[in-house]
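**Student:** As input, take query_28.tsv (TSV, C-alpha atoms):
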```
chain	number	residue	atom	x	y	z
A	10	MET	CA	-18.82	5.78	-15.44
A	11	ASP	CA	-20.25	8.25	-12.97
A	12	ILE	CA	-18.92	8.38	-9.46
A	13	SER	CA	-20.77	5.95	-7.21
A	14	GLU	CA	-22.66	6.65	-4.05
A	15	ARG	CA	-20.95	5.92	-0.75
A	16	LEU	CA	-20.23	2.21	-0.43
A	17	THR	CA	-18.55	-0.04	2.07
A	18	TRP	CA	-15.64	-2.16	0.86
A	19	GLN	CA	-17.88	-5.22	0.92
A	20	GLN	CA	-20.44	-3.43	-1.25
A	21	ILE	CA	-17.71	-2.31	-3.64
A	22	ARG	CA	-16.46	-5.88	-4.00
A	23	GLU	CA	-19.96	-7.10	-4.76
A	24	ARG	CA	-20.81	-4.37	-7.23
A	25	TYR	CA	-17.45	-4.31	-9.08
A	26	PRO	CA	-16.12	-7.86	-8.82
A	27	ASP	CA	-12.61	-8.91	-9.89
A	28	GLN	CA	-11.38	-5.57	-11.14
A	29	TRP	CA	-9.36	-2.58	-10.00
A	30	ALA	CA	-11.40	0.26	-8.53
A	31	VAL	CA	-10.26	3.84	-7.97
A	32	LEU	CA	-11.61	5.00	-4.62
A	33	VAL	CA	-12.05	8.60	-3.47
A	34	GLU	CA	-13.79	10.56	-0.72
A	35	HIS	CA	-13.01	8.00	1.97
A	36	ASP	CA	-14.49	8.80	5.36
A	37	TRP	CA	-11.15	8.32	7.09
A	38	ASP	CA	-11.10	7.71	10.80
A	39	GLU	CA	-9.75	10.90	12.38
A	40	HIS	CA	-7.32	8.95	14.57
A	41	TYR	CA	-6.32	6.15	12.24
A	42	LEU	CA	-5.56	7.68	8.88
A	43	THR	CA	-5.69	4.33	7.15
A	44	THR	CA	-9.10	3.22	8.40
A	45	TYR	CA	-12.33	4.11	6.67
A	46	THR	CA	-15.88	2.85	6.48
A	47	THR	CA	-17.10	4.03	3.08
A	48	ALA	CA	-15.72	5.54	-0.11
A	49	ARG	CA	-16.90	6.33	-3.62
A	50	VAL	CA	-15.81	4.49	-6.76
A	51	LEU	CA	-14.57	6.90	-9.41
A	52	ALA	CA	-13.58	4.40	-12.10
A	53	CYS	CA	-12.83	0.73	-12.66
A	54	GLY	CA	-10.62	-1.27	-14.99
A	55	ALA	CA	-9.19	-4.67	-15.72
A	56	SER	CA	-5.77	-3.47	-14.59
A	57	ARG	CA	-4.50	-0.89	-12.16
A	58	ALA	CA	-3.27	1.25	-15.05
A	59	GLU	CA	-6.57	1.05	-16.89
A	60	ALA	CA	-8.58	2.04	-13.83
A	61	VAL	CA	-6.32	5.00	-13.06
A	62	ALA	CA	-6.37	6.10	-16.71
A	63	ARG	CA	-10.16	6.13	-16.71
A	64	ALA	CA	-10.23	8.12	-13.49
A	65	ARG	CA	-7.46	10.51	-14.58
A	66	PRO	CA	-9.66	13.36	-15.91
A	67	ALA	CA	-11.31	13.70	-12.51
A	68	LEU	CA	-8.40	12.93	-10.20
A	69	ASP	CA	-7.03	16.46	-10.01
A	70	ALA	CA	-9.98	17.36	-7.83
A	71	TYR	CA	-8.74	15.07	-5.05
A	72	ASP	CA	-5.79	15.24	-2.68
A	73	GLY	CA	-5.37	11.51	-2.88
A	74	TYR	CA	-7.00	8.26	-3.83
A	75	GLY	CA	-6.70	4.51	-3.63
A	76	CYS	CA	-6.79	1.85	-6.32
A	77	ARG	CA	-7.83	-1.51	-4.93
A	78	TYR	CA	-8.38	-4.90	-6.47
A	79	THR	CA	-11.81	-6.28	-5.62
A	80	GLY	CA	-10.99	-9.92	-6.33
A	81	THR	CA	-8.96	-12.40	-4.36
A	82	ILE	CA	-5.44	-11.31	-3.52
A	83	ARG	CA	-2.88	-13.87	-4.62
A	84	GLY	CA	0.55	-14.64	-3.39
A	85	PRO	CA	2.80	-15.08	-1.65
A	86	MET	CA	5.52	-13.25	-3.52
A	87	PHE	CA	8.43	-15.16	-2.09
A	88	GLN	CA	10.84	-13.92	-4.72
A	89	LEU	CA	10.24	-10.27	-3.92
A	90	LYS	CA	11.18	-10.34	-0.28
A	91	GLN	CA	14.93	-9.99	-0.25
A	92	PHE	CA	17.07	-7.56	-2.16
A	93	LYS	CA	20.72	-6.69	-2.53
A	94	LEU	CA	22.05	-3.19	-2.98
A	95	ASP	CA	23.15	-2.68	-6.54
A	96	ILE	CA	26.31	-0.65	-5.90
B	28	MET	CA	-0.69	-0.80	23.10
B	29	MET	CA	-2.40	-0.12	19.79
B	30	VAL	CA	-4.72	-2.54	18.04
B	31	PHE	CA	-5.30	-2.55	14.30
B	32	PRO	CA	-7.45	-4.70	12.05
B	33	PHE	CA	-6.07	-6.53	9.07
B	34	GLU	CA	-7.77	-8.29	6.19
B	35	ARG	CA	-7.20	-11.91	5.29
B	36	SER	CA	-7.05	-13.15	1.73
B	37	GLY	CA	-6.00	-16.75	1.62
B	38	ASP	CA	-2.89	-16.97	3.78
B	39	LEU	CA	-2.03	-13.31	3.30
B	40	MET	CA	-2.57	-10.52	5.79
B	41	THR	CA	-3.06	-7.09	4.26
B	42	VAL	CA	-3.18	-3.65	5.82
B	43	THR	CA	-4.01	-0.21	4.50
B	44	ALA	CA	-1.24	2.37	4.37
B	45	ARG	CA	-0.68	5.83	2.91
B	46	VAL	CA	2.29	7.32	1.11
B	47	TRP	CA	2.70	10.98	0.25
B	48	GLY	CA	4.39	12.82	-2.56
B	49	ALA	CA	4.93	16.56	-2.56
B	50	HIS	CA	1.28	17.33	-3.21
B	51	THR	CA	-0.86	14.21	-3.12
B	52	TYR	CA	-1.11	10.87	-1.37
B	53	ARG	CA	-2.05	7.35	-2.31
B	54	GLU	CA	-3.88	4.79	-0.28
B	55	LEU	CA	-2.01	1.47	-0.42
B	56	ILE	CA	-2.92	-2.14	0.23
B	57	LEU	CA	0.21	-3.85	1.51
B	58	VAL	CA	0.94	-7.40	2.54
B	59	PHE	CA	2.01	-7.52	6.20
B	60	ASP	CA	5.23	-9.40	5.61
B	61	THR	CA	7.80	-10.14	8.28
B	62	GLY	CA	9.85	-11.99	5.65
B	63	ALA	CA	10.39	-8.90	3.55
B	64	THR	CA	13.47	-6.80	4.18
B	65	ALA	CA	12.06	-3.58	2.80
B	66	THR	CA	8.69	-1.96	2.38
B	67	SER	CA	8.10	-2.15	-1.35
B	68	ILE	CA	5.66	-0.27	-3.55
B	69	GLU	CA	4.69	-0.61	-7.18
B	70	PRO	CA	6.87	1.85	-9.16
B	71	ALA	CA	3.94	3.39	-11.05
B	72	ILE	CA	2.57	4.64	-7.73
B	73	VAL	CA	5.91	6.12	-6.70
B	74	LYS	CA	6.24	7.84	-10.07
B	75	GLU	CA	2.70	9.19	-9.96
B	76	LEU	CA	3.42	10.83	-6.61
B	77	GLY	CA	6.15	12.84	-8.30
B	78	TYR	CA	9.27	10.85	-7.51
B	79	SER	CA	11.62	10.24	-10.40
B	80	SER	CA	14.71	8.15	-10.93
B	81	SER	CA	16.80	11.19	-10.07
B	82	ASP	CA	15.33	11.02	-6.55
B	83	ALA	CA	16.42	7.40	-6.05
B	84	ILE	CA	19.04	6.95	-3.36
B	85	LEU	CA	20.15	3.47	-4.40
B	86	ARG	CA	19.37	0.81	-6.94
B	87	THR	CA	18.48	-2.69	-5.78
B	88	ARG	CA	18.39	-6.10	-7.40
B	89	VAL	CA	16.07	-8.89	-6.43
B	90	PRO	CA	16.82	-12.45	-7.56
B	91	THR	CA	13.69	-14.14	-8.96
B	92	PRO	CA	13.11	-17.47	-10.71
B	93	ALA	CA	12.86	-15.53	-13.98
B	94	GLY	CA	16.07	-13.57	-13.44
B	95	VAL	CA	17.15	-10.47	-11.63
B	96	GLN	CA	14.56	-7.77	-11.06
B	97	HIS	CA	15.78	-4.24	-10.46
B	98	GLY	CA	14.31	-1.79	-8.01
B	99	GLN	CA	15.14	1.59	-6.54
B	100	LEU	CA	15.14	2.96	-3.01
B	101	PHE	CA	13.37	6.26	-2.44
B	102	ARG	CA	13.04	8.42	0.63
B	103	VAL	CA	9.36	9.43	0.63
B	104	HIS	CA	8.04	12.56	2.32
B	105	ARG	CA	5.61	10.75	4.59
B	106	PHE	CA	4.48	7.21	5.14
B	107	HIS	CA	1.66	6.10	7.42
B	108	ALA	CA	0.71	2.58	8.47
B	109	LEU	CA	-0.58	0.91	11.60
B	110	GLY	CA	-1.05	4.21	13.39
B	111	ALA	CA	2.49	5.46	12.93
B	112	GLU	CA	3.66	8.15	10.58
B	113	LEU	CA	7.26	8.25	9.45
B	114	SER	CA	8.90	11.09	7.58
B	115	SER	CA	11.77	10.48	5.18
B	116	PHE	CA	10.87	6.81	5.19
B	117	VAL	CA	12.75	4.61	2.72
B	118	VAL	CA	10.65	2.47	0.38
B	119	GLN	CA	11.70	0.25	-2.46
B	120	ALA	CA	10.03	0.84	-5.81
B	121	LEU	CA	9.68	-2.67	-7.18
B	122	ALA	CA	7.35	-3.99	-9.86
B	123	ILE	CA	4.39	-5.81	-8.31
B	124	ASP	CA	2.34	-7.57	-10.96
B	125	ASP	CA	-1.34	-6.69	-11.06
B	126	GLU	CA	-2.15	-10.38	-10.67
B	127	TYR	CA	-1.22	-10.19	-6.99
B	128	GLY	CA	-3.88	-7.59	-6.30
B	129	VAL	CA	-1.80	-5.55	-3.86
B	130	ASP	CA	0.32	-2.41	-4.04
B	131	GLY	CA	3.32	-3.89	-2.27
B	132	LEU	CA	4.76	-5.25	0.95
B	133	LEU	CA	4.95	-3.77	4.45
B	134	GLY	CA	8.38	-5.01	5.37
B	135	MET	CA	10.72	-5.13	8.30
B	136	ASN	CA	12.20	-1.66	7.82
B	137	PHE	CA	8.81	-0.45	9.05
B	138	LEU	CA	7.84	-3.29	11.38
B	139	GLU	CA	11.11	-3.18	13.30
B	140	ASN	CA	9.81	-0.04	14.98
B	141	TYR	CA	7.42	-2.19	16.99
B	142	ASN	CA	6.95	-5.11	19.20
B	143	PHE	CA	3.88	-6.70	17.78
B	144	THR	CA	1.57	-9.66	18.15
B	145	VAL	CA	-0.47	-10.98	15.24
B	146	ARG	CA	-3.79	-12.53	16.23
B	147	PRO	CA	-4.99	-14.28	13.06
B	148	ARG	CA	-8.30	-15.49	14.42
B	149	ASP	CA	-9.16	-12.02	15.69
B	150	ARG	CA	-7.79	-10.37	12.56
B	151	ARG	CA	-6.02	-7.92	14.78
B	152	ILE	CA	-2.42	-6.79	15.17
B	153	HIS	CA	-1.36	-5.54	18.60
B	154	LEU	CA	1.51	-3.08	18.43
B	155	GLU	CA	3.80	-1.40	20.85
B	156	PRO	CA	6.23	1.24	19.51
B	157	VAL	CA	9.73	0.61	20.79
B	158	ASN	CA	12.05	3.21	19.31
B	159	SER	CA	12.22	6.82	18.28
B	160	GLY	CA	11.74	6.18	14.57
B	161	ALA	CA	7.97	5.91	14.69
B	162	SER	CA	5.64	8.68	15.73
B	163	PRO	CA	2.33	7.14	16.72
B	164	THR	CA	-0.64	9.32	15.94
B	165	VAL	CA	-2.76	8.00	18.75
```
Can you present the structure in this file as structure tokens?
**Tutor:**
Amino acid sequence: MDISERLTWQQIRERYPDQWAVLVEHDWDEHYLTTYTTARVLACGASRAEAVARARPALDAYDGYGCRYTGTIRGPMFQLKQFKLDI
Amino acid sequence: MMVFPFERSGDLMTVTARVWGAHTYRELILVFDTGATATSIEPAIVKELGYSSSDAILRTRVPTPAGVQHGQLFRVHRFHALGAELSSFVVQALAIDDEYGVDGLLGMNFLENYNFTVRPRDRRIHLEPVNSGASPTV
């Protein structure tokens, strides 16, 4: 797929429902490095690995990217919360 | 006092974070989880950023209903969440199934740097840094 135009997260969820989307060119807030308004979708896939694999040929052009699931997040992951050191 | 938005999905609260390797970074969606000991990230992301098993500082084991799951602790170059950037921050690489739709958990080894108030109806987290570990960027 071609890279999308700038979209809000809500628009991305509507256009690419229930899949993993590789996001690039975020317009990050200059003060809060984890806040953005829009980004472009570089590739999508049924799994995180599939989406990243589809985006891979173009990813070298970017310093970083995100891969977000556009469907409903499930949980909680009770069993993943506590660990013991394996020493 | 700093104020940050979070997203709600069912009963979960998620926040956006960033983790850096030597050359690139990844945006992360993490569950804000006061019940989690460590901040945990899907291993494929840690590997893609250039960290390998030889960089692991400790192995971990997590009891699950299906048996013991193994993880590894890594000291990442930079980690940013909720307005604070930490260098040499320790994260646990632990398999997070795609079905959960997140990249990991923002756990207490990060959150303990704050006093915080979660305001679910407002979808806001109010934070106040309380020790020298965190370096707020605002």
**Student:** If we count only C-alpha atoms and set the cut-off at 10 Å, which residues sit around Arg49 (chain A), ignoring sequence neighbours fewer than 5 positions away in its own chain? Please answer as a list in words.
**Tutor:** Ile12, Ser13, Glu14, Arg15, Leu16, Thr17, Trp18, Ile21, Ala30, Val31, Leu32, Val33, Glu34, His35 and Asp36 of chain A
**Student:** With C-alpha atoms kept, could you save the residues just selected as a PDB file, in the frame of the given file?
**Tutor:**
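And here's part15.pdb as it stands now:
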```pdb
ATOM      1  CA  ILE A  12     -18.920   8.380  -9.460  1.00  0.00           C
ATOM      2  CA  SER A  13     -20.770   5.950  -7.210  1.00  0.00           C
ATOM      3  CA  GLU A  14     -22.660   6.650  -4.050  1.00  0.00           C
ATOM      4  CA  ARG A  15     -20.950   5.920  -0.750  1.00  0.00           C
ATOM      5  CA  LEU A  16     -20.230   2.210  -0.430  1.00  0.00           C
ATOM      6  CA  THR A  17     -18.550  -0.040   2.070  1.00  0.00           C
ATOM      7  CA  TRP A  18     -15.640  -2.160   0.860  1.00  0.00           C
ATOM      8  CA  ILE A  21     -17.710  -2.310  -3.640  1.00  0.00           C
ATOM      9  CA  ALA A  30     -11.400   0.260  -8.530  1.00  0.00           C
ATOM     10  CA  VAL A  31     -10.260   3.840  -7.970  1.00  0.00           C
ATOM     11  CA  LEU A  32     -11.610   5.000  -4.620  1.00  0.00           C
ATOM     12  CA  VAL A  33     -12.050   8.600  -3.470  1.00  0.00           C
ATOM     13  CA  GLU A  34     -13.790  10.560  -0.720  1.00  0.00           C
ATOM     14  CA  HIS A  35     -13.010   8.000   1.970  1.00  0.00           C
ATOM     15  CA  ASP A  36     -14.490   8.800   5.360  1.00  0.00           C
TER      16      ASP A  36
END
```
**Student:** Show me which bits of chain A are within 12 Å of chain B, counting only C-alpha atoms, as a compact mmCIF listing (two decimals) with C-alpha atoms, keeping the file's coordinate frame.
**Tutor:**
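Final output, saved to selection-v1.txt:
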```
# COMPACT_ATOMS: atom_id res chain seq x y z
CA TRP A 18 -15.64 -2.16 0.86
CA GLN A 19 -17.88 -5.22 0.92
CA ASP A 27 -12.61 -8.91 -9.89
CA GLN A 28 -11.38 -5.57 -11.14
CA TRP A 29 -9.36 -2.58 -10.00
CA ALA A 30 -11.40 0.26 -8.53
CA VAL A 31 -10.26 3.84 -7.97
CA LEU A 32 -11.61 5.00 -4.62
CA VAL A 33 -12.05 8.60 -3.47
CA GLU A 34 -13.79 10.56 -0.72
CA HIS A 35 -13.01 8.00 1.97
CA TRP A 37 -11.15 8.32 7.09
CA ASP A 38 -11.10 7.71 10.80
CA GLU A 39 -9.75 10.90 12.38
CA HIS A 40 -7.32 8.95 14.57
CA TYR A 41 -6.32 6.15 12.24
CA LEU A 42 -5.56 7.68 8.88
CA THR A 43 -5.69 4.33 7.15
CA THR A 44 -9.10 3.22 8.40
CA TYR A 45 -12.33 4.11 6.67
CA ALA A 48 -15.72 5.54 -0.11
CA GLY A 54 -10.62 -1.27 -14.99
CA ALA A 55 -9.19 -4.67 -15.72
CA SER A 56 -5.77 -3.47 -14.59
CA ARG A 57 -4.50 -0.89 -12.16
CA ALA A 58 -3.27 1.25 -15.05
CA GLU A 59 -6.57 1.05 -16.89
CA ALA A 60 -8.58 2.04 -13.83
CA VAL A 61 -6.32 5.00 -13.06
CA ALA A 62 -6.37 6.10 -16.71
CA ARG A 65 -7.46 10.51 -14.58
CA LEU A 68 -8.40 12.93 -10.20
CA ASP A 69 -7.03 16.46 -10.01
CA ALA A 70 -9.98 17.36 -7.83
CA TYR A 71 -8.74 15.07 -5.05
CA ASP A 72 -5.79 15.24 -2.68
CA GLY A 73 -5.37 11.51 -2.88
CA TYR A 74 -7.00 8.26 -3.83
CA GLY A 75 -6.70 4.51 -3.63
CA CYS A 76 -6.79 1.85 -6.32
CA ARG A 77 -7.83 -1.51 -4.93
CA TYR A 78 -8.38 -4.90 -6.47
CA THR A 79 -11.81 -6.28 -5.62
CA GLY A 80 -10.99 -9.92 -6.33
CA THR A 81 -8.96 -12.40 -4.36
CA ILE A 82 -5.44 -11.31 -3.52
CA ARG A 83 -2.88 -13.87 -4.62
CA GLY A 84 0.55 -14.64 -3.39
CA PRO A 85 2.80 -15.08 -1.65
CA MET A 86 5.52 -13.25 -3.52
CA PHE A 87 8.43 -15.16 -2.09
CA GLN A 88 10.84 -13.92 -4.72
CA LEU A 89 10.24 -10.27 -3.92
CA LYS A 90 11.18 -10.34 -0.28
CA GLN A 91 14.93 -9.99 -0.25
CA PHE A 92 17.07 -7.56 -2.16
CA LYS A 93 20.72 -6.69 -2.53
CA LEU A 94 22.05 -3.19 -2.98
CA ASP A 95 23.15 -2.68 -6.54
CA ILE A 96 26.31 -0.65 -5.90
```
**Student:** If you measure from CA of Val103 (chain B) to CA of Ala49 (chain B), what distance in Å do you get, rounded to one decimal?
**Tutor:** 9.0 Å
**Student:** As an exercise, work out the distance from CA of Ile84 (chain B) to CA of Arg102 (chain B) in Å and give it to one decimal place.
**Tutor:** 7.4 Å
**Student:** Which residues are near region 155-157 of chain B? Cut-off 10 Å, only C-alpha atoms, ignore same chain within fewer than 4 positions. Put them as a count of residues only.
**Tutor:** 15
**Student:** Box in all listed atoms of region 112-118 of chain B, axis-aligned, with 5 Å more on each side; write out centre and edge lengths in Å to one decimal as JSON.
**Tutor:**
```
{"center_x": 8.2, "center_y": 6.8, "center_z": 5.5, "size_x": 19.1, "size_y": 18.6, "size_z": 20.2}
```
**Student:** Looking at B:Glu69, B:Phe106, B:Lys74, B:Ala83, which one is nearest to Ala120 (chain B), with distances taken over all atoms listed in the file?
**Tutor:** B:Glu69
**Student:** Go ahead and compute the interatomic distance for CA of Ile152 (chain B) and CA of Phe59 (chain B), in Å to one decimal.
**Tutor:**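 A separation of 10.0 Å between them.
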**Student:** Near Phe116 (chain B), within 9 Å and counting only C-alpha atoms, which residues show up once chain neighbours fewer than 2 positions away are dropped, as a PyMOL selection string?
**Tutor:** chain B and resi 101-106+113-114+118+136-137
